[in-house]
Amino acid sequence: MRDVSPLHKARLTYSPKLAGVLQKGIKNVKVSFGEKTSAVKDEQDIQNLFKDVYGAPIAIFSDKGDELEQKRTNVGVILSGGQAPGGHNVIAGLYDALKQSDINNKLYGFLGGPSGIIDGKYVEFNDEFIDAYRNTGGFDIIGSGRTKLETEEQFEKTLENCKKLDINAIVIIGGDDSNTNACMLAQWLKAKNTGIQVIGCPKTIDGDLKNEQIEISFGFDTATKTYSELIGNIMRDANSAKKYWHFVKLMGRSATHVGLEVALQTQPNIALISEEVEAKKQSLKSIVDYITEIVVKRAQNGKNFGVALIPEGLIEFVPEMKTMISNLNDILAVLEKEESFVNAANEEKYTIIESKLNPENASVFNSLPSLIKAQLLMDRDPHGNVQVSKIETEKLLIEMVKSNLKKLKAEGKYDGKFSEQAHFFGYEGRCAMPSNFDSDYCYSLGYNAFALILAGLTGYLSSVKNLTAPASEWKAGGVPLTMMMNMEKRHGKMKPVIQKALVELDGPVFKEFEAHRNQYAYDDCYVFPGAIQYFGPSEVCDATTITLQLEQKAAVKC
Ligand code: FBP
């Protein structure tokens, strides 16, 4: 029996490329600081909530500035939220920097996400442990979880467990919600003068944790390449058999960065962009009419097949659905505490909800098939988000398109065949073996996180930039987490959260798609990207996403 595949074995020995400034080793990194920062919105509220960490300056690592104090440091690391390829390399980079600084330093991994630090469940890493996970996908090295760190009791327990292990700093590897946790914990620990620092690392396949300082969250590169491979394969199948319309829902809870990137990589007949739907105030009916029109026109050209990409978060961007869901969330926040509601049958729940929703929202809710109603009632995640991965929007759209086509057929306006296949690609990409880009980027992020710790900082996010250049030219530093925060409604209450970066409709990525989508719809311009390559020519193995390339090109022009 083999323990690992030959590729897995080869990847364990791959040496990830470090950002240029970090290549000389942790003892040669120097730090300097930029201007003080403020929050992206709701500055006063954020300042009041994060008094002790608010407004810190951006940190820049280079060979100029203050030396980092190489003091004995023990660190605890947490993987938080959804899996993203490269998480293991963040830990490997952190471990290598920590041991290079002082061989007696210790790295602890808290098990199962943020709950691990509260419950004191941990492992201590050593060389053998880390070496078994280098350049591999998944978060199974210590597991992940979505517990929200916010109560006094959770913070007290965190402190107690850190004291037991003599931990000086905590690294939280997570997305927007997890890094909001990181900031809250940093504030609490600083206010109590514990001396324990908190550093975040930007993770999420969704690609929506980005701004001027964070060019991309890790995992986006590998996940979108994996989905593009699969969709390319499906396109070839569709183009070979010429009998199916494939509706593919793609992960990305809120923003459509994943869908847009995959659309540019594969050039499908239809790709919906949630942000455009919202901006143009498109109703569910108008979206279905748009899809129907393409299906009908293709059928007129003898093409009863095609591929449509549906963003996971679409439902929350359709204006009438968004308003209804927001009303529904407020109502559920109350109803979920009532035992009679919790124990009621689904049909009874729908009646109760409809009686409490305002009339317009009640009629939108009522128009939905039972399957979607039930999915909308499922538990919110611990951060108050609707679990859109469980809402089968692709099936909803298929049913609505079918009903349109039936009417058109009856009116003699359509004589094609519509045979559908529904897919959901999400989990397939989140634990893929990280691409060279994600392996290198993640290793640098982890290594850099330790440099931020030695710089004495807390409430910062590890930042590695200039990512379309070779790694030797990547820049490293840290961004205060409060700089990215604003107030949003969660579980019916206003809460501080890191602002999500949505697709910009006047940005270069959407513009590129918009310029070509009509041609994609009818001319079958399918591109088949194939599998991620790890060994071979750099232009095949090291290139990052089209999104990053277009964004960087536009940034250089400005
Ligand atoms: P993160 O924001 O934590 O990275 O997770 C994103 C995501 O992968 C979404 O794309 C998806 O909607 C969600 O996780 C699914 O969550 P779960 O793993 O809990 O089913």
# chains A, B, ... in the order shown; residues from 1 in each chain; ligands from 1
call {"tool": "select_by_dssp", "arguments": {"residues": "stretch 301-493 of chain A", "states": "alpha helix (DSSP H)", "output": "NGL selection string"}}
result
:A and (319-335 or 339-342 or 346-356 or 359-367 or 370-376 or 393-410 or 427-430 or 436-454)
call {"tool": "residues_around", "arguments": {"residues": "A:Glu420", "least_positions_apart": "5", "cutoff": "9 Å", "atoms": "only C-alpha atoms", "output": "PDB file with C-alpha atoms, in the first residue's frame"}}
result
ATOM      1  CA  LYS A 243     -27.372  17.444 -25.680  1.00  0.00           C
ATOM      2  CA  TYR A 244     -27.111  19.082 -22.250  1.00  0.00           C
ATOM      3  CA  TRP A 245     -27.325  22.519 -20.741  1.00  0.00           C
ATOM      4  CA  HIS A 246     -25.079  22.481 -17.670  1.00  0.00           C
ATOM      5  CA  PHE A 247     -25.977  24.927 -14.894  1.00  0.00           C
ATOM      6  CA  PHE A 305     -26.474  22.709 -25.260  1.00  0.00           C
ATOM      7  CA  ILE A 398     -33.430  25.606 -14.265  1.00  0.00           C
TER       8      ILE A 398
END
call {"tool": "residues_around", "arguments": {"residues": "A:Cys525", "least_positions_apart": "6", "cutoff": "12 Å", "atoms": "only C-alpha atoms", "output": "count of residues only"}}
result
18
call {"tool": "residues_near_ligand", "arguments": {"ligand": "ligand 1", "cutoff": "7 Å", "atoms": "only C-alpha atoms and all ligand atoms", "output": "PDB file with C-alpha atoms, in the first residue's frame"}}
result
ATOM      1  CA  SER A  80     -10.519  29.451  10.888  1.00  0.00           C
ATOM      2  CA  GLY A  81     -13.515  29.228   8.537  1.00  0.00           C
ATOM      3  CA  GLY A  82     -13.731  27.481   5.181  1.00  0.00           C
ATOM      4  CA  GLN A  83     -10.746  25.533   3.899  1.00  0.00           C
ATOM      5  CA  ALA A  84      -8.508  27.196   1.291  1.00  0.00           C
ATOM      6  CA  GLY A 174      -9.009  33.242   8.183  1.00  0.00           C
ATOM      7  CA  GLY A 175     -11.357  35.276   6.003  1.00  0.00           C
ATOM      8  CA  ASP A 176     -13.221  38.495   6.753  1.00  0.00           C
ATOM      9  CA  LYS A 203      -7.523  33.401   3.606  1.00  0.00           C
ATOM     10  CA  THR A 204     -10.606  32.594   1.555  1.00  0.00           C
ATOM     11  CA  ILE A 205     -11.204  31.030  -1.821  1.00  0.00           C
ATOM     12  CA  ASP A 206     -13.953  33.641  -2.284  1.00  0.00           C
ATOM     13  CA  MET A 251     -18.746  28.925  -4.577  1.00  0.00           C
ATOM     14  CA  GLY A 252     -18.204  32.426  -3.370  1.00  0.00           C
ATOM     15  CA  ARG A 253     -20.653  33.203  -0.603  1.00  0.00           C
ATOM     16  CA  GLU A 312     -23.374  30.959  -5.085  1.00  0.00           C
ATOM     17  CA  GLN A 387     -25.633  29.424   4.235  1.00  0.00           C
ATOM     18  CA  VAL A 388     -25.874  30.054   0.499  1.00  0.00           C
ATOM     19  CA  SER A 389     -23.919  26.892  -0.267  1.00  0.00           C
ATOM     20  CA  GLY A 426     -17.287  24.455  -4.198  1.00  0.00           C
ATOM     21  CA  ARG A 430     -11.170  24.207  -1.374  1.00  0.00           C
TER      22      ARG A 430
END
call {"tool": "closest_atom_pairs", "arguments": {"of": "stretch 353-417 of chain A", "to": "stretch 275-293 of chain A", "cutoff": "8 Å", "atoms": "only C-alpha atoms", "output": "CSV"}}
result
residue,atom,partner,partner_atom,distance
A:Leu397,CA,A:Val288,CA,6.6
A:Met400,CA,A:Val288,CA,6.5
A:Val401,CA,A:Thr292,CA,5.8
A:Asn404,CA,A:Thr292,CA,7.0
A:Leu405,CA,A:Thr292,CA,7.1
call {"tool": "write_last_selection", "arguments": {"atoms": "C-alpha atoms", "output": "JSON list (two decimals), in the first residue's frame"}}
result
[["chain", "number", "residue", "atom", "x", "y", "z"],
["A", 397, "LEU", "CA", -33.13, 28.84, -12.29],
["A", 400, "MET", "CA", -37.88, 28.82, -14.05],
["A", 401, "VAL", "CA", -36.15, 28.59, -17.46],
["A", 404, "ASN", "CA", -40.45, 29.96, -19.73],
["A", 405, "LEU", "CA", -39.53, 27.53, -22.51]]
call {"tool": "closest_residue", "arguments": {"among": "A:Gly195, A:Glu316, A:Arg380, A:Gln421", "to": "A:Glu399", "atoms": "only C-alpha atoms"}}
result
A:Gln421
